[in-house]
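Printed here is my_file-v1.txt (compact mmCIF, C-alpha atoms (C1' of nucleotides)):
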# COMPACT_ATOMS: atom_id res chain seq x y z
CA MET A 1 34.64 24.73 15.27
CA LEU A 2 36.39 27.74 16.78
CA GLU A 3 35.32 29.66 13.71
CA LEU A 4 31.70 28.99 14.55
CA ALA A 5 32.16 30.07 18.15
CA ILE A 6 33.95 33.28 17.20
CA LEU A 7 31.41 34.24 14.57
CA GLY A 8 28.60 33.55 17.00
CA LEU A 9 30.04 35.86 19.60
CA LEU A 10 30.84 38.57 17.07
CA LYS A 11 27.22 38.46 15.94
CA GLU A 12 26.22 39.90 19.30
CA ARG A 13 28.88 42.59 19.39
CA SER A 14 32.27 43.41 17.93
CA MET A 15 35.22 42.38 20.06
CA HIS A 16 38.95 41.89 20.03
CA GLY A 17 40.78 38.63 20.61
CA TYR A 18 41.27 38.93 24.31
CA GLN A 19 37.60 39.68 24.91
CA LEU A 20 36.64 36.68 22.79
CA SER A 21 38.94 34.50 24.84
CA LYS A 22 37.35 35.71 28.08
CA GLN A 23 33.85 35.22 26.79
CA LEU A 24 34.57 31.76 25.39
CA THR A 25 36.21 30.36 28.47
CA GLU A 26 33.41 31.81 30.54
CA THR A 27 30.47 30.26 28.72
CA LEU A 28 32.06 27.00 27.67
CA GLY A 29 34.88 27.29 30.18
CA GLY A 30 33.94 24.22 32.13
CA PHE A 31 34.29 22.07 29.07
CA TRP A 32 36.50 23.84 26.60
CA ARG A 33 39.93 25.35 26.70
CA VAL A 34 40.38 28.06 24.12
CA SER A 35 44.07 28.71 23.75
CA TYR A 36 45.60 31.77 22.15
CA GLY A 37 47.50 29.43 19.93
CA SER A 38 44.27 28.63 18.13
CA LEU A 39 42.32 31.82 18.71
CA TYR A 40 44.55 34.35 16.99
CA PRO A 41 45.37 32.21 13.96
CA THR A 42 41.67 31.51 13.55
CA LEU A 43 40.85 35.21 13.70
CA ARG A 44 43.35 35.96 10.96
CA ARG A 45 42.04 33.02 8.95
CA LEU A 46 38.54 34.42 9.20
CA GLU A 47 39.78 37.87 8.22
CA LYS A 48 41.55 36.48 5.18
CA ARG A 49 38.33 34.74 4.21
CA GLY A 50 36.47 38.01 4.54
CA ALA A 51 34.20 36.70 7.27
CA VAL A 52 35.36 39.32 9.76
CA GLU A 53 37.06 42.70 9.42
CA LYS A 54 39.04 45.01 11.66
CA VAL A 55 37.19 47.95 13.15
CA PHE A 56 39.08 51.22 13.12
CA SER A 57 38.02 53.14 16.16
CA ASP A 58 39.62 56.46 17.01
CA ASP A 59 39.66 56.26 20.77
CA VAL A 60 40.75 52.67 21.33
CA GLY A 61 42.72 52.04 18.17
CA ARG A 62 45.92 51.86 20.14
CA ARG A 63 46.77 48.23 20.58
CA LYS A 64 43.51 46.42 20.15
CA ASN A 65 42.35 44.59 17.05
CA VAL A 66 38.61 44.87 17.25
CA TYR A 67 36.82 42.61 14.79
CA ARG A 68 33.38 42.96 13.29
CA ILE A 69 31.44 40.23 11.48
CA THR A 70 30.69 40.83 7.80
CA GLU A 71 27.84 39.73 5.55
CA ASP A 72 29.97 36.83 4.34
CA GLY A 73 30.63 35.98 7.94
CA GLU A 74 26.92 35.83 8.71
CA SER A 75 26.30 33.30 5.96
CA LEU A 76 29.40 31.32 6.92
CA PHE A 77 28.04 31.22 10.45
CA GLN A 78 24.72 29.78 9.31
CA GLU A 79 26.51 27.26 7.14
CA LEU A 80 28.78 26.06 9.93
CA LEU A 81 25.95 25.95 12.43
CA GLN A 82 23.88 23.58 10.34
CA GLU A 83 26.78 21.53 9.01
CA ALA A 84 25.86 17.87 8.70
CA GLY A 85 29.34 16.36 8.83
CA GLN A 86 29.76 13.10 10.65
CA GLU A 87 32.04 14.50 13.29
CA SER A 88 29.78 17.45 14.04
CA TRP A 89 27.94 15.58 16.74
CA GLU A 90 30.81 14.96 19.07
CA ASP A 91 30.30 16.36 22.56
CA ASN A 92 32.08 19.70 22.35
CA ARG A 93 30.96 20.49 18.84
CA PHE A 94 27.39 19.94 19.80
CA ARG A 95 27.73 22.10 22.88
CA VAL A 96 28.99 25.01 20.80
CA ARG A 97 26.15 24.53 18.36
CA LEU A 98 23.56 24.49 21.10
CA ALA A 99 24.93 27.72 22.50
CA PHE A 100 23.82 29.42 19.28
CA PHE A 101 20.52 27.63 18.83
CA LYS A 102 18.56 30.84 19.10
CA TYR A 103 19.74 31.76 15.61
CA LEU A 104 18.06 28.72 14.08
CA LYS A 105 14.52 28.05 12.94
CA PRO A 106 12.54 25.67 15.21
CA ASP A 107 12.46 22.82 12.71
CA THR A 108 16.19 23.08 12.10
CA ARG A 109 16.70 22.94 15.84
CA ILE A 110 14.68 19.75 16.06
CA ARG A 111 16.66 18.23 13.21
CA LEU A 112 19.96 18.95 14.92
CA LEU A 113 18.74 17.69 18.28
CA GLU A 114 17.64 14.44 16.73
CA ARG A 115 20.94 14.02 14.94
CA ARG A 116 22.72 14.39 18.23
CA ARG A 117 20.33 11.94 19.79
CA ALA A 118 21.09 9.38 17.11
CA TYR A 119 24.79 9.89 17.73
CA LEU A 120 24.33 9.17 21.42
CA GLU A 121 22.18 6.12 20.73
CA ASP A 122 24.96 4.84 18.54
CA ARG A 123 27.45 5.40 21.33
CA LEU A 124 25.17 3.55 23.70
CA MET A 125 25.01 0.55 21.40
CA LYS A 126 28.80 0.51 21.03
CA ILE A 127 29.24 0.53 24.78
CA GLN A 128 26.75 -2.26 25.26
CA ALA A 129 28.36 -4.31 22.51
CA SER A 130 31.73 -3.92 24.22
CA LEU A 131 30.22 -4.88 27.55
CA ASP A 132 28.65 -7.97 26.07
CA LYS A 133 31.67 -9.14 24.17
CA THR A 134 34.36 -8.70 26.77
CA LYS A 135 32.19 -9.35 29.77
CA LYS A 136 33.66 -11.37 32.62
CA GLN A 137 37.22 -11.00 31.40
CA ILE A 138 37.36 -7.26 31.87
CA ASP A 139 38.99 -5.62 34.89
CA THR A 140 36.96 -3.82 37.53
CA TYR A 141 38.02 -0.32 36.57
CA THR A 142 37.31 -0.60 32.90
CA LEU A 143 33.98 -2.16 33.74
CA SER A 144 33.09 0.70 36.05
CA LEU A 145 34.24 3.16 33.40
CA MET A 146 32.01 1.65 30.76
CA THR A 147 29.01 1.27 33.03
CA HIS A 148 29.27 4.85 34.15
CA GLY A 149 29.65 5.94 30.55
CA GLU A 150 26.49 4.05 29.77
CA ASP A 151 24.59 5.81 32.52
CA ALA A 152 25.90 9.22 31.58
CA THR A 153 24.96 8.68 27.94
CA ARG A 154 21.46 7.67 28.95
CA ASN A 155 21.18 10.82 31.01
CA ASP A 156 22.26 12.88 28.03
CA ILE A 157 19.64 11.25 25.84
CA ALA A 158 16.92 11.88 28.40
CA TRP A 159 17.95 15.51 28.56
CA LEU A 160 17.87 15.76 24.78
CA ASP A 161 14.40 14.23 24.76
CA GLY A 162 13.27 16.98 27.08
CA LEU A 163 14.66 19.61 24.73
CA ILE A 164 13.07 18.00 21.71
CA ALA A 165 9.70 17.72 23.44
CA THR A 166 9.79 21.37 24.42
CA GLU A 167 10.71 22.34 20.89
CA ARG A 168 7.86 20.33 19.38
CA ARG A 169 5.38 21.81 21.81
CA GLN A 170 6.35 25.25 20.64
CA VAL A 171 6.06 24.41 16.99
CA VAL A 172 2.53 23.19 17.63
CA THR A 173 1.57 26.04 19.94
CA ASP A 174 2.49 28.97 17.73
CA GLY A 175 1.94 27.71 14.23
CA ASN A 176 4.14 30.24 12.45
CA GLY A 177 7.42 28.71 11.42
CA GLY A 178 9.18 32.03 11.79
CA LYS A 179 11.05 33.57 14.66
CA PRO A 180 9.01 33.35 17.85
CA LYS A 181 8.62 36.52 19.92
CA ARG A 182 8.40 35.09 23.41
CA ARG A 183 8.82 31.49 24.43
CA LYS A 184 8.23 29.52 27.53
CA ALA A 185 11.22 28.59 29.65
CA ILE A 186 12.62 25.18 28.93
CA ARG A 187 11.55 22.69 31.51
CA ARG A 188 14.72 21.48 33.13
CA LYS A 189 15.89 19.48 36.16
CA GLU A 190 13.33 16.78 35.35
CA PRO A 191 15.06 15.22 32.34
CA THR A 192 18.38 14.99 34.11
CA ALA A 193 17.07 13.66 37.39
CA MET B 1 48.00 10.28 25.57
CA LEU B 2 47.89 7.83 22.67
CA GLU B 3 51.33 6.69 23.74
CA LEU B 4 49.96 5.70 27.11
CA ALA B 5 47.06 3.81 25.58
CA ILE B 6 49.30 1.94 23.14
CA LEU B 7 51.84 0.98 25.77
CA GLY B 8 49.07 -0.17 28.07
CA LEU B 9 47.66 -2.49 25.46
CA LEU B 10 51.06 -3.79 24.44
CA LYS B 11 51.71 -4.67 28.07
CA GLU B 12 49.04 -7.33 27.82
CA ARG B 13 50.20 -8.76 24.52
CA SER B 14 52.18 -7.79 21.45
CA MET B 15 50.12 -6.47 18.58
CA HIS B 16 50.32 -4.68 15.25
CA GLY B 17 48.75 -1.32 14.45
CA TYR B 18 45.48 -2.58 13.12
CA GLN B 19 44.85 -4.74 16.16
CA LEU B 20 45.62 -1.79 18.41
CA SER B 21 43.15 0.32 16.49
CA LYS B 22 40.44 -2.33 16.90
CA GLN B 23 41.10 -2.77 20.58
CA LEU B 24 41.18 0.96 21.26
CA THR B 25 37.99 1.84 19.47
CA GLU B 26 36.32 -1.08 21.16
CA THR B 27 37.12 -0.22 24.75
CA LEU B 28 37.07 3.54 24.48
CA GLY B 29 35.14 3.53 21.21
CA GLY B 30 32.13 5.29 22.58
CA PHE B 31 34.20 8.26 23.62
CA TRP B 32 37.37 8.25 21.60
CA ARG B 33 38.15 8.09 17.95
CA VAL B 34 41.61 6.71 17.31
CA SER B 35 42.54 7.60 13.78
CA TYR B 36 45.27 5.95 11.76
CA GLY B 37 46.64 9.40 11.18
CA SER B 38 47.73 9.49 14.79
CA LEU B 39 48.17 5.80 15.51
CA TYR B 40 50.90 4.89 13.05
CA PRO B 41 52.99 8.03 13.57
CA THR B 42 52.77 7.46 17.32
CA LEU B 43 53.91 3.86 16.91
CA ARG B 44 56.95 4.97 14.97
CA ARG B 45 57.60 7.68 17.52
CA LEU B 46 57.56 5.10 20.27
CA GLU B 47 59.84 2.82 18.29
CA LYS B 48 62.33 5.64 17.72
CA ARG B 49 62.29 6.31 21.46
CA GLY B 50 62.99 2.64 22.10
CA ALA B 51 59.77 2.13 24.02
CA VAL B 52 58.54 -0.53 21.60
CA GLU B 53 60.27 -2.79 19.07
CA LYS B 54 59.22 -4.79 16.04
CA VAL B 55 58.74 -8.51 16.52
CA PHE B 56 60.15 -10.69 13.79
CA SER B 57 57.94 -13.71 13.53
CA ASP B 58 58.50 -16.32 10.82
CA ASP B 59 54.94 -17.31 10.06
CA VAL B 60 53.20 -13.95 10.06
CA GLY B 61 56.10 -11.71 9.11
CA ARG B 62 54.54 -11.02 5.77
CA ARG B 63 52.86 -7.67 5.96
CA LYS B 64 52.30 -7.09 9.64
CA ASN B 65 54.38 -4.92 11.93
CA VAL B 66 53.94 -6.56 15.28
CA TYR B 67 55.23 -4.47 18.15
CA ARG B 68 56.43 -5.54 21.57
CA ILE B 69 56.91 -3.29 24.59
CA THR B 70 60.46 -2.94 25.90
CA GLU B 71 61.84 -2.31 29.36
CA ASP B 72 62.12 1.38 28.53
CA GLY B 73 58.53 1.25 27.41
CA GLU B 74 57.42 -0.20 30.72
CA SER B 75 58.95 2.64 32.67
CA LEU B 76 57.64 5.22 30.19
CA PHE B 77 54.21 3.70 30.72
CA GLN B 78 54.41 4.09 34.48
CA GLU B 79 55.67 7.64 34.06
CA LEU B 80 52.86 8.66 31.72
CA LEU B 81 50.23 6.94 33.82
CA GLN B 82 51.08 8.91 36.93
CA GLU B 83 51.84 12.16 35.17
CA ALA B 84 50.73 15.14 37.21
CA GLY B 85 50.41 17.70 34.40
CA GLN B 86 47.57 20.16 34.61
CA GLU B 87 45.87 18.97 31.46
CA SER B 88 46.02 15.32 32.48
CA TRP B 89 42.64 15.46 34.18
CA GLU B 90 40.55 16.31 31.18
CA ASP B 91 37.78 13.82 30.46
CA ASN B 92 39.39 11.58 27.85
CA ARG B 93 42.82 11.57 29.42
CA PHE B 94 41.36 10.45 32.70
CA ARG B 95 39.32 7.73 31.03
CA VAL B 96 42.44 6.27 29.44
CA ARG B 97 44.24 6.41 32.76
CA LEU B 98 41.40 4.66 34.55
CA ALA B 99 41.45 1.89 31.98
CA PHE B 100 44.95 0.98 33.22
CA PHE B 101 44.37 1.48 36.91
CA LYS B 102 45.09 -2.13 37.68
CA TYR B 103 48.77 -1.44 37.09
CA LEU B 104 48.91 1.10 39.91
CA LYS B 105 49.34 0.74 43.64
CA PRO B 106 46.19 1.40 45.69
CA ASP B 107 47.44 4.66 47.20
CA THR B 108 48.48 5.97 43.81
CA ARG B 109 45.01 5.14 42.54
CA ILE B 110 43.43 7.13 45.33
CA ARG B 111 45.72 10.06 44.61
CA LEU B 112 44.75 10.11 40.95
CA LEU B 113 41.05 9.74 41.70
CA GLU B 114 41.19 12.67 44.08
CA ARG B 115 43.04 14.80 41.54
CA ARG B 116 40.32 14.10 39.05
CA ARG B 117 37.72 14.92 41.65
CA ALA B 118 39.34 18.27 42.33
CA TYR B 119 39.35 18.97 38.60
CA LEU B 120 35.63 18.32 38.42
CA GLU B 121 34.94 20.43 41.51
CA ASP B 122 36.78 23.24 39.80
CA ARG B 123 34.67 22.80 36.70
CA LEU B 124 31.57 22.87 38.85
CA MET B 125 32.58 26.15 40.41
CA LYS B 126 33.31 27.67 37.03
CA ILE B 127 29.89 26.66 35.77
CA GLN B 128 28.18 28.06 38.83
CA ALA B 129 30.14 31.29 38.56
CA SER B 130 29.05 31.65 34.94
CA LEU B 131 25.46 30.94 35.89
CA ASP B 132 25.53 33.52 38.64
CA LYS B 133 27.20 36.23 36.62
CA THR B 134 25.22 36.05 33.42
CA LYS B 135 21.97 34.91 34.95
CA LYS B 136 18.73 36.33 33.58
CA GLN B 137 20.35 37.69 30.43
CA ILE B 138 21.29 34.30 29.07
CA ASP B 139 19.25 32.53 26.39
CA THR B 140 17.25 29.40 27.13
CA TYR B 141 19.52 26.99 25.29
CA THR B 142 22.76 28.10 26.85
CA LEU B 143 21.07 28.02 30.21
CA SER B 144 19.89 24.47 29.66
CA LEU B 145 23.34 23.53 28.43
CA MET B 146 25.02 24.85 31.53
CA THR B 147 22.49 23.41 33.93
CA HIS B 148 22.77 20.01 32.34
CA GLY B 149 26.53 20.30 32.44
CA GLU B 150 26.27 21.05 36.13
CA ASP B 151 24.15 17.96 36.75
CA ALA B 152 26.41 15.72 34.70
CA THR B 153 29.47 16.97 36.54
CA ARG B 154 27.81 16.28 39.88
CA ASN B 155 27.02 12.77 38.72
CA ASP B 156 30.63 12.26 37.74
CA ILE B 157 31.79 13.42 41.14
CA ALA B 158 29.37 11.09 42.92
CA TRP B 159 30.64 8.22 40.80
CA LEU B 160 34.23 9.12 41.65
CA ASP B 161 33.34 9.22 45.32
CA GLY B 162 32.08 5.68 45.04
CA LEU B 163 35.35 4.58 43.46
CA ILE B 164 37.39 6.35 46.10
CA ALA B 165 35.35 4.83 48.92
CA THR B 166 35.79 1.33 47.51
CA GLU B 167 39.50 1.92 47.15
CA ARG B 168 39.88 3.11 50.72
CA ARG B 169 37.91 0.17 52.03
CA GLN B 170 40.35 -2.17 50.33
CA VAL B 171 43.39 -0.42 51.68
CA VAL B 172 42.00 -0.87 55.16
CA THR B 173 40.81 -4.44 54.63
CA ASP B 174 43.99 -6.03 53.34
CA GLY B 175 46.76 -4.11 55.01
CA ASN B 176 49.51 -5.07 52.56
CA GLY B 177 50.31 -2.22 50.19
CA GLY B 178 51.26 -4.65 47.46
CA LYS B 179 49.26 -6.16 44.65
CA PRO B 180 45.99 -7.61 45.91
CA LYS B 181 45.10 -11.15 44.89
CA ARG B 182 41.35 -11.00 44.79
CA ARG B 183 39.20 -7.98 45.35
CA LYS B 184 35.55 -7.35 45.83
CA ALA B 185 33.61 -6.12 42.86
CA ILE B 186 33.24 -2.38 42.75
CA ARG B 187 29.83 -1.35 43.94
CA ARG B 188 28.23 0.39 41.01
CA LYS B 189 24.84 1.62 39.87
CA GLU B 190 24.34 3.33 43.24
CA PRO B 191 26.78 6.19 42.77
CA THR B 192 25.41 7.02 39.34
CA ALA B 193 21.72 6.57 40.17
C1' DA C 1 37.48 -19.37 -12.97
C1' DC C 2 35.88 -14.66 -12.55
C1' DT C 3 33.97 -10.95 -10.04
C1' DG C 4 32.80 -8.17 -6.27
C1' DG C 5 32.57 -7.09 -1.57
C1' DT C 6 34.45 -6.86 2.95
C1' DA C 7 38.04 -7.22 6.37
C1' DT C 8 42.82 -6.65 7.12
C1' DA C 9 46.89 -3.69 7.16
C1' DT C 10 49.94 0.32 6.55
C1' DA C 11 50.88 4.96 5.21
C1' DT C 12 50.58 9.91 4.41
C1' DC C 13 48.42 14.57 3.63
C1' DG C 14 46.80 19.11 5.03
C1' DA C 15 44.36 21.42 8.48
C1' DC C 16 43.63 22.57 13.00
C1' DA C 17 44.13 22.87 18.07
C1' DC C 18 47.05 22.61 21.99
C1' DG C 19 50.29 24.09 25.62
C1' DA C 20 54.01 27.00 26.39
C1' DT C 21 56.18 30.99 25.99
C1' DA C 22 57.61 35.76 24.56
C1' DT C 23 56.60 40.42 24.47
C1' DA C 24 54.58 44.58 25.49
C1' DT C 25 51.50 48.13 27.90
C1' DA C 26 48.27 49.77 31.54
C1' DG C 27 46.85 50.36 36.13
C1' DG C 28 47.21 49.91 40.98
C1' DC C 29 49.49 49.36 45.34
C1' DT C 30 53.23 50.28 48.57
C1' DA D 1 60.55 53.80 42.26
C1' DG D 2 59.58 48.95 42.42
C1' DC D 3 56.43 45.32 41.79
C1' DC D 4 52.31 42.81 40.69
C1' DT D 5 48.39 41.73 38.06
C1' DA D 6 45.44 42.32 34.07
C1' DT D 7 45.24 43.34 29.35
C1' DA D 8 46.56 42.24 24.62
C1' DT D 9 48.79 40.03 20.63
C1' DA D 10 51.84 36.73 18.55
C1' DT D 11 54.35 32.46 17.43
C1' DC D 12 56.64 27.81 17.88
C1' DG D 13 56.70 22.89 17.98
C1' DT D 14 54.06 18.98 18.48
C1' DG D 15 50.10 16.07 18.36
C1' DT D 16 45.65 14.68 16.61
C1' DC D 17 42.14 14.66 13.23
C1' DG D 18 39.55 13.23 9.09
C1' DA D 19 40.25 11.80 4.56
C1' DT D 20 42.26 9.19 1.41
C1' DA D 21 45.44 5.98 -1.09
C1' DT D 22 47.07 1.50 -1.62
C1' DA D 23 47.69 -3.03 -1.16
C1' DT D 24 46.50 -8.01 0.20
C1' DA D 25 43.44 -11.83 2.01
C1' DC D 26 39.36 -14.29 1.94
C1' DC D 27 34.85 -15.62 1.02
C1' DA D 28 30.32 -15.58 -1.68
C1' DG D 29 27.82 -15.71 -5.63
C1' DT D 30 27.66 -16.79 -10.50
In structure tokens, write the structure found in this file.
Amino acid sequence: MLELAILGLLKERSMHGYQLSKQLTETLGGFWRVSYGSLYPTLRRLEKRGAVEKVFSDDVGRRKNVYRITEDGESLFQELLQEAGQESWEDNRFRVRLAFFKYLKPDTRIRLLERRRAYLEDRLMKIQASLDKTKKQIDTYTLSLMTHGEDATRNDIAWLDGLIATERRQVVTDGNGGKPKRRKAIRRKEPTA
Amino acid sequence: MLELAILGLLKERSMHGYQLSKQLTETLGGFWRVSYGSLYPTLRRLEKRGAVEKVFSDDVGRRKNVYRITEDGESLFQELLQEAGQESWEDNRFRVRLAFFKYLKPDTRIRLLERRRAYLEDRLMKIQASLDKTKKQIDTYTLSLMTHGEDATRNDIAWLDGLIATERRQVVTDGNGGKPKRRKAIRRKEPTA
DNA sequence: ACTGGTATATATCGACACGATATATAGGCT
DNA sequence: AGCCTATATATCGTGTCGATATATACCAGT
């Protein structure tokens, strides 16, 4: 997962570990904690794999390891981004994926959004099943926890539906399946209200 | 974290690993995946620490390792439940804590709820700071992600406020700081609407 | 009685992420 | 000179994850 995030950021511009850490905790900071204990090992893992390489710059070569993404890295990025594994739809994983959605074709985007939606629907059913089964013998706090979880999940699904609808509208509007030049802003605030 | 969850369940009744797994994925199932790869090692860890012990039952002693919580386990449970560590307020950790709130005194409950609230307020500020800083040069998907995250966090805070308010009302109503006999149902649906 | 499927039950593996901590250097302030 | 904060990389131990292996129990269909 970290590999995907790192490659995605390096696609925009080459950076060293510390910069990556700053950038990551800034964009996903509210939800994700990227520790050095995972960042630096992951960087070296990616380098060993040939997905990134060190940049040798004359002026700032002092104590910084600036990494650049390679061709192999680009294809690894695409592979990770579209990965269909079962666990890939958990909250944080999906958030990271969404942050790099611009690198995907519209129909792939829709596919991923719907996969996430199915995951959330499944969660919803599990919550409701638990509520049904253990109803009336459950304590107040657990009940509140589950009910709130139900609401929050529904909100998430509604938000996803908004994203999917917007995506479909675009596919219809500009018929070319390629990379769109300009796109309308995503309608927000409504789905989460 | 798993230790807390296991001890909490064993407080209610003695169980073996498989039953714990069922129970855990049922209550927190929508949000947490408890794998055997962490469950069984944790059980043995707890046993080594003396927090739980095997129950030797004649009839079902065949192939089941039934565990019972010990006195040491009870105090470890209380310790873990009230733990003030920085990372203890992350989403899943808090959910587990809340599931065992009934074992806490009312004022301790309020303290924990307010700690969680502060954590979410902090997240909210981080999100807003990111939105301000990188505004207008951020892609549509990341923007939507952050805005939705903002909304969801606000919802969570509102829900927490409801819980806190209910808790305070009870403290005032029945003046005794001890364990309450019967309590009003927590007003829900409103805070999350 | 045989077979197959599902639920029960425990265990372990490698990979990865986490939190904490150590170690430097650079730059700024007083 | 002394001190603080930001920059920058590295590593350690521990915990969790997903996958997988391996049994046994029980019930259904044939």
Which residues of chain B have any atom within 10 Å of an atom in chain C when counting only C-alpha atoms (C1' of nucleotides), and what is the closest pair of atoms for each, with the distance in Å to one decimal? Order the rows by chain and rising number and write it as JSON lines.
{"residue": "B:His16", "atom": "CA", "partner": "C:DA9", "partner_atom": "C1'", "distance": 8.8}
{"residue": "B:Gly17", "atom": "CA", "partner": "C:DA9", "partner_atom": "C1'", "distance": 7.9}
{"residue": "B:Tyr18", "atom": "CA", "partner": "C:DA9", "partner_atom": "C1'", "distance": 6.2}
{"residue": "B:Gln19", "atom": "CA", "partner": "C:DA9", "partner_atom": "C1'", "distance": 9.3}
{"residue": "B:Tyr36", "atom": "CA", "partner": "C:DA11", "partner_atom": "C1'", "distance": 8.7}
{"residue": "B:Gly37", "atom": "CA", "partner": "C:DT12", "partner_atom": "C1'", "distance": 7.8}
{"residue": "B:Tyr40", "atom": "CA", "partner": "C:DA11", "partner_atom": "C1'", "distance": 7.8}
{"residue": "B:Pro41", "atom": "CA", "partner": "C:DA11", "partner_atom": "C1'", "distance": 9.2}
{"residue": "B:Arg63", "atom": "CA", "partner": "C:DA9", "partner_atom": "C1'", "distance": 7.3}
{"residue": "B:Lys64", "atom": "CA", "partner": "C:DA9", "partner_atom": "C1'", "distance": 6.9}
{"residue": "B:Asn65", "atom": "CA", "partner": "C:DT10", "partner_atom": "C1'", "distance": 8.7}
{"residue": "B:Glu87", "atom": "CA", "partner": "C:DG19", "partner_atom": "C1'", "distance": 8.9}
Interface residues on chain D facing chain B, 12 Å, all atoms listed in the file, written as a PyMOL selection string: chain D and resi 14-20+23-25
Å distance separating CA of Thr153 in chain A from CA of Phe94 in chain B, one decimal place: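 Interatomic distance, CA of Thr153 in chain A to CA of Phe94 in chain B: 17.2 Å.
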Residues of chain A were defined as contacting chain B if any atom lay at most 7 Å from it, counting only C-alpha atoms; please report them as a ChimeraX atom specification. /A:26-27,30,98-99,101,123,126-127,130,140-142,144,148,151,185-186,188,192
Same residues, C-alpha atoms, saved as a tab-separated table (two decimals), in the frame of the given file:
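Written output follows (out03.tsv):
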chain	number	residue	atom	x	y	z
A	26	GLU	CA	33.41	31.81	30.54
A	27	THR	CA	30.47	30.26	28.72
A	30	GLY	CA	33.94	24.22	32.13
A	98	LEU	CA	23.56	24.49	21.10
A	99	ALA	CA	24.93	27.72	22.50
A	101	PHE	CA	20.52	27.63	18.83
A	123	ARG	CA	27.45	5.40	21.33
A	126	LYS	CA	28.80	0.51	21.03
A	127	ILE	CA	29.24	0.53	24.78
A	130	SER	CA	31.73	-3.92	24.22
A	140	THR	CA	36.96	-3.82	37.53
A	141	TYR	CA	38.02	-0.32	36.57
A	142	THR	CA	37.31	-0.60	32.90
A	144	SER	CA	33.09	0.70	36.05
A	148	HIS	CA	29.27	4.85	34.15
A	151	ASP	CA	24.59	5.81	32.52
A	185	ALA	CA	11.22	28.59	29.65
A	186	ILE	CA	12.62	25.18	28.93
A	188	ARG	CA	14.72	21.48	33.13
A	192	THR	CA	18.38	14.99	34.11
For Leu76 in chain A: contacts at 10 Å, all atoms listed in the file, fewer than 2 positions along chain excluded, given as a tab-separated table (two decimals) with C-alpha atoms, keeping the file's coordinate frame:
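Now in out-v2.tsv:
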chain	number	residue	atom	x	y	z
A	3	GLU	CA	35.32	29.66	13.71
A	4	LEU	CA	31.70	28.99	14.55
A	7	LEU	CA	31.41	34.24	14.57
A	46	LEU	CA	38.54	34.42	9.20
A	49	ARG	CA	38.33	34.74	4.21
A	51	ALA	CA	34.20	36.70	7.27
A	70	THR	CA	30.69	40.83	7.80
A	71	GLU	CA	27.84	39.73	5.55
A	72	ASP	CA	29.97	36.83	4.34
A	73	GLY	CA	30.63	35.98	7.94
A	74	GLU	CA	26.92	35.83	8.71
A	78	GLN	CA	24.72	29.78	9.31
A	79	GLU	CA	26.51	27.26	7.14
A	80	LEU	CA	28.78	26.06	9.93
A	81	LEU	CA	25.95	25.95	12.43
Tell me, in Å to one decimal, how far CA of Ser21 in chain A is from CA of Leu9 in chain A. 10.4 Å
Would you work out the distance separating CA of Gly162 in chain B from CA of Leu113 in chain B, expressed in Å to one decimal?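 Result for CA of Gly162 in chain B versus CA of Leu113 in chain B: 10.4 Å, one decimal.
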